[in-house]
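Student: Structure file entry_28.pdb (PDB, C-alpha atoms) is given on the next line.
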```
ATOM      1  CA  MET A 221      78.758 128.918 191.471
ATOM      2  CA  ASP A 222      77.114 128.595 188.030
ATOM      3  CA  ALA A 223      80.217 130.052 186.362
ATOM      4  CA  ILE A 224      82.456 127.499 188.114
ATOM      5  CA  LYS A 225      80.083 124.711 187.111
ATOM      6  CA  GLU A 226      80.206 125.955 183.501
ATOM      7  CA  LEU A 227      84.004 125.829 183.465
ATOM      8  CA  LYS A 228      83.989 122.244 184.743
ATOM      9  CA  ARG A 229      82.040 120.951 181.761
ATOM     10  CA  PRO A 230      83.757 118.978 178.976
ATOM     11  CA  THR A 231      85.001 121.578 176.502
ATOM     12  CA  MET A 232      85.796 121.713 172.812
ATOM     13  CA  TYR A 233      87.940 124.673 171.803
ATOM     14  CA  PHE A 234      87.809 126.854 168.707
ATOM     15  CA  ILE A 235      91.205 128.310 167.772
ATOM     16  CA  GLY A 236      90.868 131.283 165.439
ATOM     17  CA  VAL A 237      91.203 135.054 165.171
ATOM     18  CA  THR A 238      87.769 136.469 166.009
ATOM     19  CA  THR A 239      85.938 133.388 167.241
ATOM     20  CA  GLY A 240      83.297 135.370 169.141
ATOM     21  CA  GLY A 241      81.817 136.559 165.842
ATOM     22  CA  SER A 242      81.390 133.052 164.469
ATOM     23  CA  SER A 243      77.903 131.643 164.000
ATOM     24  CA  MET A 244      79.190 128.471 165.639
ATOM     25  CA  MET A 245      78.969 130.092 169.061
ATOM     26  CA  LYS A 246      75.199 130.124 168.568
ATOM     27  CA  ILE A 247      74.956 126.846 166.641
ATOM     28  CA  PHE A 248      77.149 124.587 168.799
ATOM     29  CA  PRO A 249      74.811 124.238 171.801
ATOM     30  CA  LEU A 250      71.904 123.516 169.442
ATOM     31  CA  TRP A 251      73.932 120.810 167.743
ATOM     32  CA  MET A 252      75.000 119.312 171.053
ATOM     33  CA  HIS A 253      71.358 119.191 172.157
ATOM     34  CA  ALA A 254      70.373 117.463 168.903
ATOM     35  CA  MET A 255      73.179 114.930 169.421
ATOM     36  CA  GLY A 256      72.319 114.317 173.073
ATOM     37  CA  ARG A 257      75.547 115.927 174.265
ATOM     38  CA  ASP A 258      74.222 118.966 176.167
ATOM     39  CA  ASN A 259      77.094 118.706 178.645
ATOM     40  CA  VAL A 260      79.702 119.725 176.015
ATOM     41  CA  ARG A 261      80.543 123.429 175.675
ATOM     42  CA  LEU A 262      82.525 125.408 173.081
ATOM     43  CA  GLU A 263      85.161 127.995 174.008
ATOM     44  CA  GLY A 264      87.096 130.263 171.659
ATOM     45  CA  ILE A 265      90.846 130.882 171.743
ATOM     46  CA  ASP A 266      91.704 134.014 169.735
ATOM     47  CA  LEU A 267      95.261 134.318 168.429
ATOM     48  CA  GLN A 268      96.758 136.977 166.203
ATOM     49  CA  LEU A 269      97.548 136.244 162.573
ATOM     50  CA  HIS A 270     101.021 134.649 162.484
ATOM     51  CA  ASP A 271     101.188 134.654 166.281
ATOM     52  CA  SER A 272     104.246 133.624 168.283
ATOM     53  CA  ALA A 273     105.268 129.990 168.609
ATOM     54  CA  GLU A 274     104.896 130.369 172.377
ATOM     55  CA  ASN A 275     101.218 131.294 172.080
ATOM     56  CA  TYR A 276     100.517 128.419 169.715
ATOM     57  CA  ARG A 277     102.169 126.002 172.119
ATOM     58  CA  LYS A 278     100.189 127.403 175.051
ATOM     59  CA  ALA A 279      96.949 126.795 173.164
ATOM     60  CA  VAL A 280      97.908 123.211 172.370
ATOM     61  CA  ALA A 281      99.075 122.605 175.961
ATOM     62  CA  ARG A 282      95.716 123.803 177.254
ATOM     63  CA  ILE A 283      94.035 121.074 175.236
ATOM     64  CA  LYS A 284      96.641 118.382 175.841
ATOM     65  CA  TYR A 285      96.844 118.599 179.619
ATOM     66  CA  ASP A 286      93.306 119.553 180.687
ATOM     67  CA  PRO A 287      91.337 116.328 181.286
ATOM     68  CA  LEU A 288      88.068 118.163 180.540
ATOM     69  CA  SER A 289      89.362 119.363 177.160
ATOM     70  CA  LEU A 290      88.052 117.181 174.349
ATOM     71  CA  GLY A 291      89.906 118.775 171.450
ATOM     72  CA  ALA A 292      89.664 121.710 169.095
ATOM     73  CA  LEU A 293      88.849 122.995 165.652
ATOM     74  CA  VAL A 294      91.637 125.129 164.211
ATOM     75  CA  THR A 295      91.033 127.762 161.575
ATOM     76  CA  THR A 296      93.420 130.356 160.054
ATOM     77  CA  HIS A 297      96.338 129.074 162.190
ATOM     78  CA  LYS A 298      96.384 125.499 160.858
ATOM     79  CA  ILE A 299      99.880 125.650 159.353
ATOM     80  CA  ASN A 300     101.578 127.900 161.913
ATOM     81  CA  LEU A 301     100.172 125.954 164.857
ATOM     82  CA  LEU A 302     101.562 122.666 163.580
ATOM     83  CA  ASN A 303     104.934 124.235 162.789
ATOM     84  CA  ALA A 304     105.144 125.546 166.372
ATOM     85  CA  ALA A 305     103.799 122.523 168.242
ATOM     86  CA  ARG A 306     104.459 119.440 166.097
ATOM     87  CA  ASP A 307     106.381 117.719 168.889
ATOM     88  CA  MET A 308     103.368 117.993 171.230
ATOM     89  CA  PHE A 309     101.258 115.640 169.089
ATOM     90  CA  ASP A 310     101.396 111.886 169.628
ATOM     91  CA  HIS A 311      99.838 111.176 166.246
ATOM     92  CA  LEU A 312      99.359 113.052 162.965
ATOM     93  CA  ASP A 313      97.223 111.587 160.206
ATOM     94  CA  PRO A 314      98.715 111.238 156.693
ATOM     95  CA  ALA A 315      96.831 114.310 155.433
ATOM     96  CA  ALA A 316      98.244 116.457 158.250
ATOM     97  CA  ILE A 317     101.754 115.319 157.355
ATOM     98  CA  ALA A 318     101.225 115.801 153.616
ATOM     99  CA  CYS A 319      99.544 119.222 153.948
ATOM    100  CA  GLY A 320     101.673 120.428 156.849
ATOM    101  CA  GLU A 321      98.637 121.557 158.869
ATOM    102  CA  VAL A 322      96.100 120.510 161.474
ATOM    103  CA  SER A 323      92.471 121.618 161.438
ATOM    104  CA  SER A 324      91.372 119.103 164.079
ATOM    105  CA  ILE A 325      92.901 118.366 167.484
ATOM    106  CA  SER A 326      91.422 115.379 169.317
ATOM    107  CA  LYS A 327      92.272 112.874 172.014
ATOM    108  CA  ASP A 328      92.462 109.114 172.089
ATOM    109  CA  GLY A 329      92.950 108.364 175.766
ATOM    110  CA  SER A 330      96.124 110.230 176.712
ATOM    111  CA  ARG A 331      97.232 110.596 173.085
ATOM    112  CA  LEU A 332      96.904 113.982 171.397
ATOM    113  CA  GLU A 333      96.042 113.580 167.713
ATOM    114  CA  GLY A 334      96.123 116.045 164.846
ATOM    115  CA  HIS A 335      94.114 115.637 161.651
ATOM    116  CA  ALA A 336      93.894 117.706 158.488
ATOM    117  CA  LYS A 337      90.203 117.571 157.674
ATOM    118  CA  ASP A 338      90.365 120.192 154.924
ATOM    119  CA  LEU A 339      91.012 117.543 152.286
ATOM    120  CA  ILE A 340      87.644 115.935 153.087
ATOM    121  CA  THR A 341      85.889 119.280 153.659
ATOM    122  CA  ALA A 342      87.200 120.797 150.443
ATOM    123  CA  GLY A 343      86.221 117.737 148.457
ATOM    124  CA  LEU A 344      82.690 117.565 149.817
ATOM    125  CA  SER A 345      82.153 121.287 149.259
ATOM    126  CA  LEU A 346      83.699 121.482 145.772
ATOM    127  CA  ASP A 347      81.867 118.397 144.537
ATOM    128  CA  SER A 348      78.568 119.749 145.888
ATOM    129  CA  LEU A 349      79.171 123.098 144.206
ATOM    130  CA  LEU A 350      80.239 121.860 140.764
ATOM    131  CA  GLY A 351      78.667 118.423 140.384
ATOM    132  CA  PRO A 352      80.289 115.501 138.518
ATOM    133  CA  GLY A 353      82.213 116.035 135.296
ATOM    134  CA  TYR A 354      82.194 119.839 135.518
ATOM    135  CA  PHE A 355      85.659 120.488 134.081
ATOM    136  CA  GLY A 356      85.278 117.994 131.272
ATOM    137  CA  ARG A 357      81.865 119.407 130.384
ATOM    138  CA  THR A 358      82.925 123.064 130.410
ATOM    139  CA  GLY A 359      86.676 123.155 129.772
ATOM    140  CA  ALA A 360      86.896 125.333 132.874
ATOM    141  CA  GLN A 361      90.097 126.240 134.695
ATOM    142  CA  MET A 362      90.708 127.350 138.292
ATOM    143  CA  LEU A 363      92.233 130.438 139.899
ATOM    144  CA  CYS A 364      93.023 130.135 143.626
ATOM    145  CA  LEU A 365      93.744 133.447 145.324
ATOM    146  CA  GLY A 366      95.686 132.412 148.422
ATOM    147  CA  ALA A 367      97.953 129.402 149.009
ATOM    148  CA  GLY A 368      97.063 128.339 152.544
ATOM    149  CA  GLY A 369      95.567 125.152 153.859
ATOM    150  CA  SER A 370      92.245 125.428 152.030
ATOM    151  CA  THR A 371      93.930 125.839 148.652
ATOM    152  CA  THR A 372      96.320 122.978 149.386
ATOM    153  CA  ALA A 373      93.383 120.722 150.233
ATOM    154  CA  LEU A 374      91.430 121.749 147.132
ATOM    155  CA  LEU A 375      94.381 121.056 144.842
ATOM    156  CA  MET A 376      95.104 117.685 146.420
ATOM    157  CA  HIS A 377      91.443 116.780 146.087
ATOM    158  CA  LEU A 378      91.415 117.768 142.404
ATOM    159  CA  ALA A 379      94.614 115.876 141.665
ATOM    160  CA  GLY A 380      93.194 112.781 143.329
ATOM    161  CA  ARG A 381      90.009 112.658 141.237
ATOM    162  CA  GLN A 382      90.015 109.508 139.114
ATOM    163  CA  ASP A 383      87.856 110.850 136.287
ATOM    164  CA  ALA A 384      89.697 113.414 134.127
ATOM    165  CA  ALA A 385      86.401 115.272 133.710
ATOM    166  CA  ASP A 386      86.563 116.106 137.435
ATOM    167  CA  ARG A 387      90.018 117.700 137.154
ATOM    168  CA  ALA A 388      90.828 121.207 135.924
ATOM    169  CA  GLY A 389      93.475 121.131 133.224
ATOM    170  CA  ARG A 390      94.962 124.441 134.380
ATOM    171  CA  VAL A 391      95.184 125.719 137.967
ATOM    172  CA  ILE A 392      96.670 129.116 138.845
ATOM    173  CA  VAL A 393      97.704 129.889 142.425
ATOM    174  CA  VAL A 394      98.455 133.407 143.649
ATOM    175  CA  ASN A 395      99.880 134.234 147.068
ATOM    176  CA  ARG A 396     101.218 137.341 148.767
ATOM    177  CA  SER A 397     104.410 135.654 150.002
ATOM    178  CA  GLN A 398     106.808 133.292 148.245
ATOM    179  CA  PRO A 399     107.564 130.690 150.964
ATOM    180  CA  ARG A 400     104.027 129.298 151.044
ATOM    181  CA  LEU A 401     104.002 129.097 147.237
ATOM    182  CA  ASP A 402     107.269 127.144 147.388
ATOM    183  CA  VAL A 403     105.730 124.669 149.848
ATOM    184  CA  LEU A 404     102.645 124.270 147.673
ATOM    185  CA  ARG A 405     104.761 123.809 144.522
ATOM    186  CA  ALA A 406     106.785 121.064 146.232
ATOM    187  CA  MET A 407     103.562 119.284 147.221
ATOM    188  CA  ALA A 408     102.144 119.582 143.707
ATOM    189  CA  ASP A 409     105.400 118.348 142.146
ATOM    190  CA  ALA A 410     105.152 115.213 144.266
ATOM    191  CA  LEU A 411     101.675 114.411 142.936
ATOM    192  CA  THR A 412     100.993 112.219 139.929
ATOM    193  CA  THR A 413      98.637 114.422 137.935
ATOM    194  CA  ASP A 414      98.064 115.932 134.501
ATOM    195  CA  ILE A 415      97.019 119.301 135.965
ATOM    196  CA  LYS A 416      99.193 122.191 134.779
ATOM    197  CA  PHE A 417      99.954 124.457 137.728
ATOM    198  CA  GLU A 418     101.005 128.113 137.598
ATOM    199  CA  TYR A 419     102.310 130.050 140.599
ATOM    200  CA  HIS A 420     102.466 133.811 141.103
ATOM    201  CA  CYS A 421     103.775 135.764 144.088
ATOM    202  CA  ASN A 422     101.758 138.971 143.944
ATOM    203  CA  THR A 423     100.183 141.648 146.132
ATOM    204  CA  ASP A 424      98.628 143.801 143.391
ATOM    205  CA  PRO A 425      94.880 143.129 142.888
ATOM    206  CA  ARG A 426      95.125 144.572 139.355
ATOM    207  CA  PHE A 427      97.453 141.695 138.430
ATOM    208  CA  ASN A 428      94.815 139.265 139.697
ATOM    209  CA  ASP A 429      92.256 141.070 137.521
ATOM    210  CA  ARG A 430      94.446 140.373 134.510
ATOM    211  CA  LEU A 431      94.803 136.718 135.460
ATOM    212  CA  MET A 432      91.009 136.388 135.497
ATOM    213  CA  GLN A 433      90.968 137.642 131.905
ATOM    214  CA  THR A 434      93.109 134.655 130.845
ATOM    215  CA  LEU A 435      90.608 132.108 132.174
ATOM    216  CA  ALA A 436      88.311 130.063 129.964
ATOM    217  CA  ALA A 437      84.549 130.520 130.214
ATOM    218  CA  GLY A 438      83.067 128.580 133.120
ATOM    219  CA  SER A 439      86.239 128.820 135.207
ATOM    220  CA  VAL A 440      86.274 128.825 139.004
ATOM    221  CA  VAL A 441      87.736 131.774 140.949
ATOM    222  CA  ILE A 442      88.285 131.178 144.682
ATOM    223  CA  ASN A 443      89.050 133.717 147.381
ATOM    224  CA  ALA A 444      91.120 131.741 149.888
ATOM    225  CA  THR A 445      93.139 134.738 151.103
ATOM    226  CA  GLY A 446      91.206 135.549 154.275
ATOM    227  CA  MET A 447      90.625 139.045 152.861
ATOM    228  CA  GLY A 448      87.096 140.141 153.664
ATOM    229  CA  LYS A 449      87.155 138.418 157.060
ATOM    230  CA  ASP A 450      90.516 138.325 158.842
ATOM    231  CA  LEU A 451      91.966 141.072 156.624
ATOM    232  CA  PRO A 452      90.194 144.018 154.964
ATOM    233  CA  GLY A 453      89.603 144.316 151.238
ATOM    234  CA  SER A 454      89.581 141.891 148.322
ATOM    235  CA  PRO A 455      92.283 140.244 146.194
ATOM    236  CA  ILE A 456      90.691 141.774 143.052
ATOM    237  CA  THR A 457      89.513 145.288 142.166
ATOM    238  CA  ASP A 458      85.985 146.468 141.397
ATOM    239  CA  GLN A 459      87.040 146.582 137.741
ATOM    240  CA  GLY A 460      88.030 142.918 137.608
ATOM    241  CA  LYS A 461      85.807 140.770 135.397
ATOM    242  CA  PHE A 462      84.981 137.209 136.339
ATOM    243  CA  PRO A 463      84.977 134.571 133.545
ATOM    244  CA  GLU A 464      81.679 134.292 131.693
ATOM    245  CA  ARG A 465      79.435 131.551 133.066
ATOM    246  CA  GLY A 466      82.055 131.078 135.759
ATOM    247  CA  VAL A 467      81.928 130.260 139.454
ATOM    248  CA  ALA A 468      82.979 132.750 142.141
ATOM    249  CA  TRP A 469      83.600 131.037 145.464
ATOM    250  CA  GLU A 470      84.223 133.080 148.608
ATOM    251  CA  LEU A 471      85.512 130.679 151.259
ATOM    252  CA  ASN A 472      84.394 132.974 154.082
ATOM    253  CA  TYR A 473      80.776 133.307 155.157
ATOM    254  CA  ARG A 474      81.105 136.283 157.543
ATOM    255  CA  GLY A 475      82.857 139.642 157.536
ATOM    256  CA  GLU A 476      82.746 142.444 154.981
ATOM    257  CA  LEU A 477      83.107 139.868 152.150
ATOM    258  CA  LEU A 478      84.067 142.429 149.496
ATOM    259  CA  PHE A 479      85.020 139.690 146.997
ATOM    260  CA  LEU A 480      81.566 138.144 147.396
ATOM    261  CA  HIS A 481      79.817 141.445 146.724
ATOM    262  CA  GLN A 482      82.039 142.131 143.719
ATOM    263  CA  ALA A 483      80.927 138.788 142.297
ATOM    264  CA  LEU A 484      77.246 139.364 143.108
ATOM    265  CA  ARG A 485      77.296 142.562 141.060
ATOM    266  CA  GLN A 486      78.297 140.487 138.013
ATOM    267  CA  VAL A 487      75.789 137.643 138.371
ATOM    268  CA  GLU A 488      73.693 138.755 135.393
ATOM    269  CA  SER A 489      76.309 140.464 133.217
ATOM    270  CA  ARG A 490      78.771 137.526 133.444
ATOM    271  CA  GLN A 491      76.176 134.782 134.162
ATOM    272  CA  LEU A 492      78.005 133.813 137.330
ATOM    273  CA  THR A 493      77.327 131.220 139.972
ATOM    274  CA  VAL A 494      78.273 132.717 143.346
ATOM    275  CA  GLU A 495      78.871 130.715 146.500
ATOM    276  CA  ASP A 496      79.907 131.844 149.959
ATOM    277  CA  GLY A 497      81.676 129.712 152.555
ATOM    278  CA  TRP A 498      78.606 128.442 154.412
ATOM    279  CA  LEU A 499      78.658 124.880 153.073
ATOM    280  CA  TYR A 500      82.425 124.723 153.591
ATOM    281  CA  PHE A 501      81.842 125.965 157.139
ATOM    282  CA  LEU A 502      79.252 123.251 157.843
ATOM    283  CA  HIS A 503      81.348 120.423 156.433
ATOM    284  CA  GLY A 504      84.452 121.706 158.216
ATOM    285  CA  TRP A 505      82.795 121.835 161.616
ATOM    286  CA  THR A 506      80.924 118.551 161.374
ATOM    287  CA  GLN A 507      84.068 116.699 160.269
ATOM    288  CA  VAL A 508      86.038 118.012 163.251
ATOM    289  CA  ILE A 509      83.226 117.536 165.796
ATOM    290  CA  ALA A 510      82.854 113.953 164.599
ATOM    291  CA  GLN A 511      86.570 113.398 165.228
ATOM    292  CA  VAL A 512      86.593 115.146 168.621
ATOM    293  CA  LEU A 513      83.460 113.384 169.916
ATOM    294  CA  HIS A 514      84.262 110.077 168.169
ATOM    295  CA  THR A 515      80.778 110.119 166.622
ATOM    296  CA  PRO A 516      80.136 109.861 162.860
ATOM    297  CA  ILE A 517      78.214 112.817 161.387
ATOM    298  CA  GLU A 518      76.897 111.960 157.938
ATOM    299  CA  GLY A 519      73.718 111.254 156.022
ATOM    300  CA  GLU A 520      70.537 112.215 157.852
ATOM    301  CA  LEU A 521      72.404 113.518 160.905
ATOM    302  CA  PHE A 522      74.416 115.932 158.762
ATOM    303  CA  LYS A 523      71.235 117.109 157.061
ATOM    304  CA  ARG A 524      69.578 117.648 160.429
ATOM    305  CA  LEU A 525      72.520 119.645 161.790
ATOM    306  CA  ALA A 526      72.743 121.684 158.567
ATOM    307  CA  SER A 527      69.051 122.530 158.869
ATOM    308  CA  ILE A 528      69.504 123.625 162.481
ATOM    309  CA  ALA A 529      72.479 125.805 161.516
ATOM    310  CA  SER A 530      70.706 127.389 158.547
ATOM    311  CA  ALA A 531      67.787 128.387 160.788
ATOM    312  CA  THR A 532      70.192 130.512 162.862
ATOM    313  CA  ARG A 533      71.464 132.590 159.944
ATOM    314  CA  SER A 534      70.484 136.250 160.022
ATOM    315  CA  GLY A 535      68.743 137.924 157.120
ATOM    316  CA  GLY A 536      71.685 140.278 156.595
ATOM    317  CA  GLY A 537      73.241 141.185 153.288
ATOM    318  CA  ASN A 538      76.006 138.577 153.547
ATOM    319  CA  GLN A 539      73.575 135.673 153.625
ATOM    320  CA  LEU A 540      73.327 133.345 150.656
ATOM    321  CA  PRO A 541      70.619 130.892 151.802
ATOM    322  CA  GLU A 542      70.311 129.541 148.296
ATOM    323  CA  ARG A 543      73.009 129.349 145.684
ATOM    324  CA  VAL A 544      73.021 132.483 143.530
ATOM    325  CA  GLU A 545      73.312 131.705 139.845
ATOM    326  CA  GLY A 546      73.166 133.547 136.584
ATOM    327  CA  SER A 547      71.187 132.025 133.749
ATOM    328  CA  LYS A 548      72.981 129.066 132.236
TER
END
```
Please re-express this file's structure in structure tokens.

Tutor:
Amino acid sequence: MDAIKELKRPTMYFIGVTTGGSSMMKIFPLWMHAMGRDNVRLEGIDLQLHDSAENYRKAVARIKYDPLSLGALVTTHKINLLNAARDMFDHLDPAAIACGEVSSISKDGSRLEGHAKDLITAGLSLDSLLGPGYFGRTGAQMLCLGAGGSTTALLMHLAGRQDAADRAGRVIVVNRSQPRLDVLRAMADALTTDIKFEYHCNTDPRFNDRLMQTLAAGSVVINATGMGKDLPGSPITDQGKFPERGVAWELNYRGELLFLHQALRQVESRQLTVEDGWLYFLHGWTQVIAQVLHTPIEGELFKRLASIASATRSGGGNQLPERVEGSK
């Protein structure tokens, strides 16, 4: 009887690859309690990387036609899900159309809506990490390893910054397959920006090592490949050297996180700032929950939810409770 009662509660879904391992399964009920929404539950939907269009459509149909389904957060599958199920949405926000992805599925009455929240999430996280005027102050560049939705959002955010000091003059993007690079190049070509983009289709981590050697001091290197969480390994080798006084940003916060540990070993020798994906994770979830529940999450409420989430983190080796920085 309790199990049946549980299933009849309003439900938000989490569409990913290994959702059961996410900290959100532990955090979500605490957040709902803090927001006075104890009746709302979270359920994971695990799909394979590059799953079939049929499975993506089944996941969207489950949300669209179940009256107790409130919506979903989508990770990893943001682009493929929209490609497979675009016709099932009644509304897509401009960012979803521009980026070709949905990270948030929500309902407005009988209407199913898709939003691309990564543009907001990426902006909040990057600005928090670097602070104002970082690129103008340092002359830093950016290397994005991976060309998926997170990279697309980061580049659109950078290009949209009004102050030139908040834009990297040179941005390099590396991806394992050419089609996604072509999509990203077309998006970048449509932007009005002074950023010089470079694109490389590559699967050899030694090539990525060499690209890091071309970066100016202070540059930002981002692992947006999914390697270290959804895939094993790292996009660079143990011999790769990060730029001096640079920033190494691992967009994941759980998994083996080899890229993160490679960066941590160079904190002192290269004077690195190292960041994992925890802040990105918090902003990503709160933005989508706000959309799904039609409740703003910002200011003091965001701080309260972030504090609750941080208290759940284990003391394991992957935890970065405070930003790790080399001497500046």

Student: With the PyMOL selection byres ((chain A and resi 305-321) around 8) as the selection, what would be picked from this file? Answer as a PyMOL selection string, please.

Tutor: chain A and resi 273+276-277+280-281+298-304+322-323+331-337+339+369+372-373+407

Student: Let me know the residues the PyMOL selection byres ((chain A and resi 486-500) around 6) catches in the file above, as JSON, numbers by chain.

Tutor: {"A": [345, 464, 465, 466, 467, 468, 469, 470, 471, 472, 473, 483, 484, 485, 501, 502, 503, 504, 544, 545, 546, 547]}

Student: Taking only C-alpha atoms into account, which of A:Met362, A:Ala388, A:Leu404, A:Ile509 comes nearest Met432 in chain A?

Tutor: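 With only C-alpha atoms as the atom set, the closest residue is A:Met362.
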
Student: Between CA of Val393 in chain A and CA of Phe417 in chain A, what is the distance, to one decimal in Å?

Tutor: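 Here the two named atoms are 7.5 Å from each other.
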
Student: Considering all atoms listed in the file, can you say which of A:Pro287, A:Pro516, A:Gly453, A:Pro463 comes closest to Ala437 in chain A?

Tutor: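 Looking only at the distances to Ala437 in chain A, the closest residue turns out to be A:Pro463.
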
Student: Ranking A:Leu378, A:Leu293, A:Val512, A:Leu521 by minimum distance to Pro230 in chain A and counting all atoms listed in the file, which one comes first?

Tutor: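 Smallest separation from Pro230 in chain A among the options: A:Val512.
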
Student: Could you work out an axis-aligned box for range 336-355 of chain A, taking every atom the file lists and adding 3 Å on each side, and report centre and edge lengths in Å to one decimal, as JSON?

Tutor:
```
{"center_x": 86.2, "center_y": 119.3, "center_z": 146.3, "size_x": 21.3, "size_y": 13.6, "size_z": 30.4}
```

Student: Can you measure CA of Leu375 in chain A to CA of Val508 in chain A for me? One decimal in Å is fine.

Tutor: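 Pair CA of Leu375 in chain A / CA of Val508 in chain A returns 20.4 Å.
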
Student: Determine the residue set returned by the PyMOL selection byres ((chain A and resi 420) around 10) for the present structure, and present it as a list of chain:residue names.

Tutor: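 This file gives the following for the PyMOL selection byres ((chain A and resi 420) around 10): A:Leu365, A:Ile392, A:Val393, A:Val394, A:Asn395, A:Arg396, A:Ser397, A:Gln398, A:Leu401, A:Glu418, A:Tyr419, A:Cys421, A:Asn422, A:Thr423, A:Phe427, A:Asn428, A:Leu431.
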
Student: Using CA of Lys246 in chain A and CA of Gly291 in chain A as the two end points, give the distance in Å to one decimal.

Tutor: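 Pair CA of Lys246 in chain A / CA of Gly291 in chain A returns 18.8 Å.
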
Student: Which of these, A:Leu478, A:Leu349, A:Ala367, A:Ala529, has the shortest distance to Val403 in chain A once you count all atoms listed in the file?

Tutor: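 For Val403 in chain A, the nearest of the given residues is A:Ala367.
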
Student: Can you complete the atoms of range 355-371 of chain A to N, CA and C atoms and list them as a PDB file, in the coordinates of the input?

Tutor:
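Here's the written file rebuild-v4.pdb:
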```pdb
ATOM      1  N   PHE A 355      84.544 119.965 134.878  1.00  0.00           N
ATOM      2  CA  PHE A 355      85.659 120.488 134.081  1.00  0.00           C
ATOM      3  C   PHE A 355      85.692 119.876 132.688  1.00  0.00           C
ATOM      4  N   GLY A 356      85.341 118.609 132.591  1.00  0.00           N
ATOM      5  CA  GLY A 356      85.278 117.994 131.272  1.00  0.00           C
ATOM      6  C   GLY A 356      84.152 118.563 130.434  1.00  0.00           C
ATOM      7  N   ARG A 357      83.046 118.881 131.082  1.00  0.00           N
ATOM      8  CA  ARG A 357      81.865 119.407 130.384  1.00  0.00           C
ATOM      9  C   ARG A 357      82.065 120.841 129.916  1.00  0.00           C
ATOM     10  N   THR A 358      82.823 121.625 130.686  1.00  0.00           N
ATOM     11  CA  THR A 358      82.925 123.064 130.410  1.00  0.00           C
ATOM     12  C   THR A 358      84.291 123.510 129.890  1.00  0.00           C
ATOM     13  N   GLY A 359      85.326 122.707 130.106  1.00  0.00           N
ATOM     14  CA  GLY A 359      86.676 123.155 129.772  1.00  0.00           C
ATOM     15  C   GLY A 359      87.181 124.222 130.735  1.00  0.00           C
ATOM     16  N   ALA A 360      86.565 124.294 131.902  1.00  0.00           N
ATOM     17  CA  ALA A 360      86.896 125.333 132.874  1.00  0.00           C
ATOM     18  C   ALA A 360      88.274 125.127 133.492  1.00  0.00           C
ATOM     19  N   GLN A 361      88.834 126.242 133.971  1.00  0.00           N
ATOM     20  CA  GLN A 361      90.097 126.240 134.695  1.00  0.00           C
ATOM     21  C   GLN A 361      89.835 126.739 136.116  1.00  0.00           C
ATOM     22  N   MET A 362      90.897 126.905 136.910  1.00  0.00           N
ATOM     23  CA  MET A 362      90.708 127.350 138.292  1.00  0.00           C
ATOM     24  C   MET A 362      91.776 128.366 138.675  1.00  0.00           C
ATOM     25  N   LEU A 363      91.334 129.432 139.341  1.00  0.00           N
ATOM     26  CA  LEU A 363      92.233 130.438 139.899  1.00  0.00           C
ATOM     27  C   LEU A 363      92.034 130.471 141.399  1.00  0.00           C
ATOM     28  N   CYS A 364      93.073 130.116 142.167  1.00  0.00           N
ATOM     29  CA  CYS A 364      93.023 130.135 143.626  1.00  0.00           C
ATOM     30  C   CYS A 364      93.802 131.337 144.134  1.00  0.00           C
ATOM     31  N   LEU A 365      93.116 132.264 144.756  1.00  0.00           N
ATOM     32  CA  LEU A 365      93.744 133.447 145.324  1.00  0.00           C
ATOM     33  C   LEU A 365      94.025 133.146 146.791  1.00  0.00           C
ATOM     34  N   GLY A 366      95.283 132.881 147.099  1.00  0.00           N
ATOM     35  CA  GLY A 366      95.686 132.412 148.422  1.00  0.00           C
ATOM     36  C   GLY A 366      96.238 131.005 148.315  1.00  0.00           C
ATOM     37  N   ALA A 367      97.291 130.707 149.104  1.00  0.00           N
ATOM     38  CA  ALA A 367      97.953 129.402 149.009  1.00  0.00           C
ATOM     39  C   ALA A 367      98.047 128.712 150.358  1.00  0.00           C
ATOM     40  N   GLY A 368      97.067 128.955 151.221  1.00  0.00           N
ATOM     41  CA  GLY A 368      97.063 128.339 152.544  1.00  0.00           C
ATOM     42  C   GLY A 368      96.491 126.939 152.539  1.00  0.00           C
ATOM     43  N   GLY A 369      96.029 126.517 153.703  1.00  0.00           N
ATOM     44  CA  GLY A 369      95.567 125.152 153.859  1.00  0.00           C
ATOM     45  C   GLY A 369      94.373 124.792 153.004  1.00  0.00           C
ATOM     46  N   SER A 370      93.438 125.724 152.830  1.00  0.00           N
ATOM     47  CA  SER A 370      92.245 125.428 152.030  1.00  0.00           C
ATOM     48  C   SER A 370      92.610 125.184 150.578  1.00  0.00           C
ATOM     49  N   THR A 371      93.496 126.022 150.040  1.00  0.00           N
ATOM     50  CA  THR A 371      93.930 125.839 148.652  1.00  0.00           C
ATOM     51  C   THR A 371      94.691 124.528 148.496  1.00  0.00           C
TER      52      THR A 371
END
```
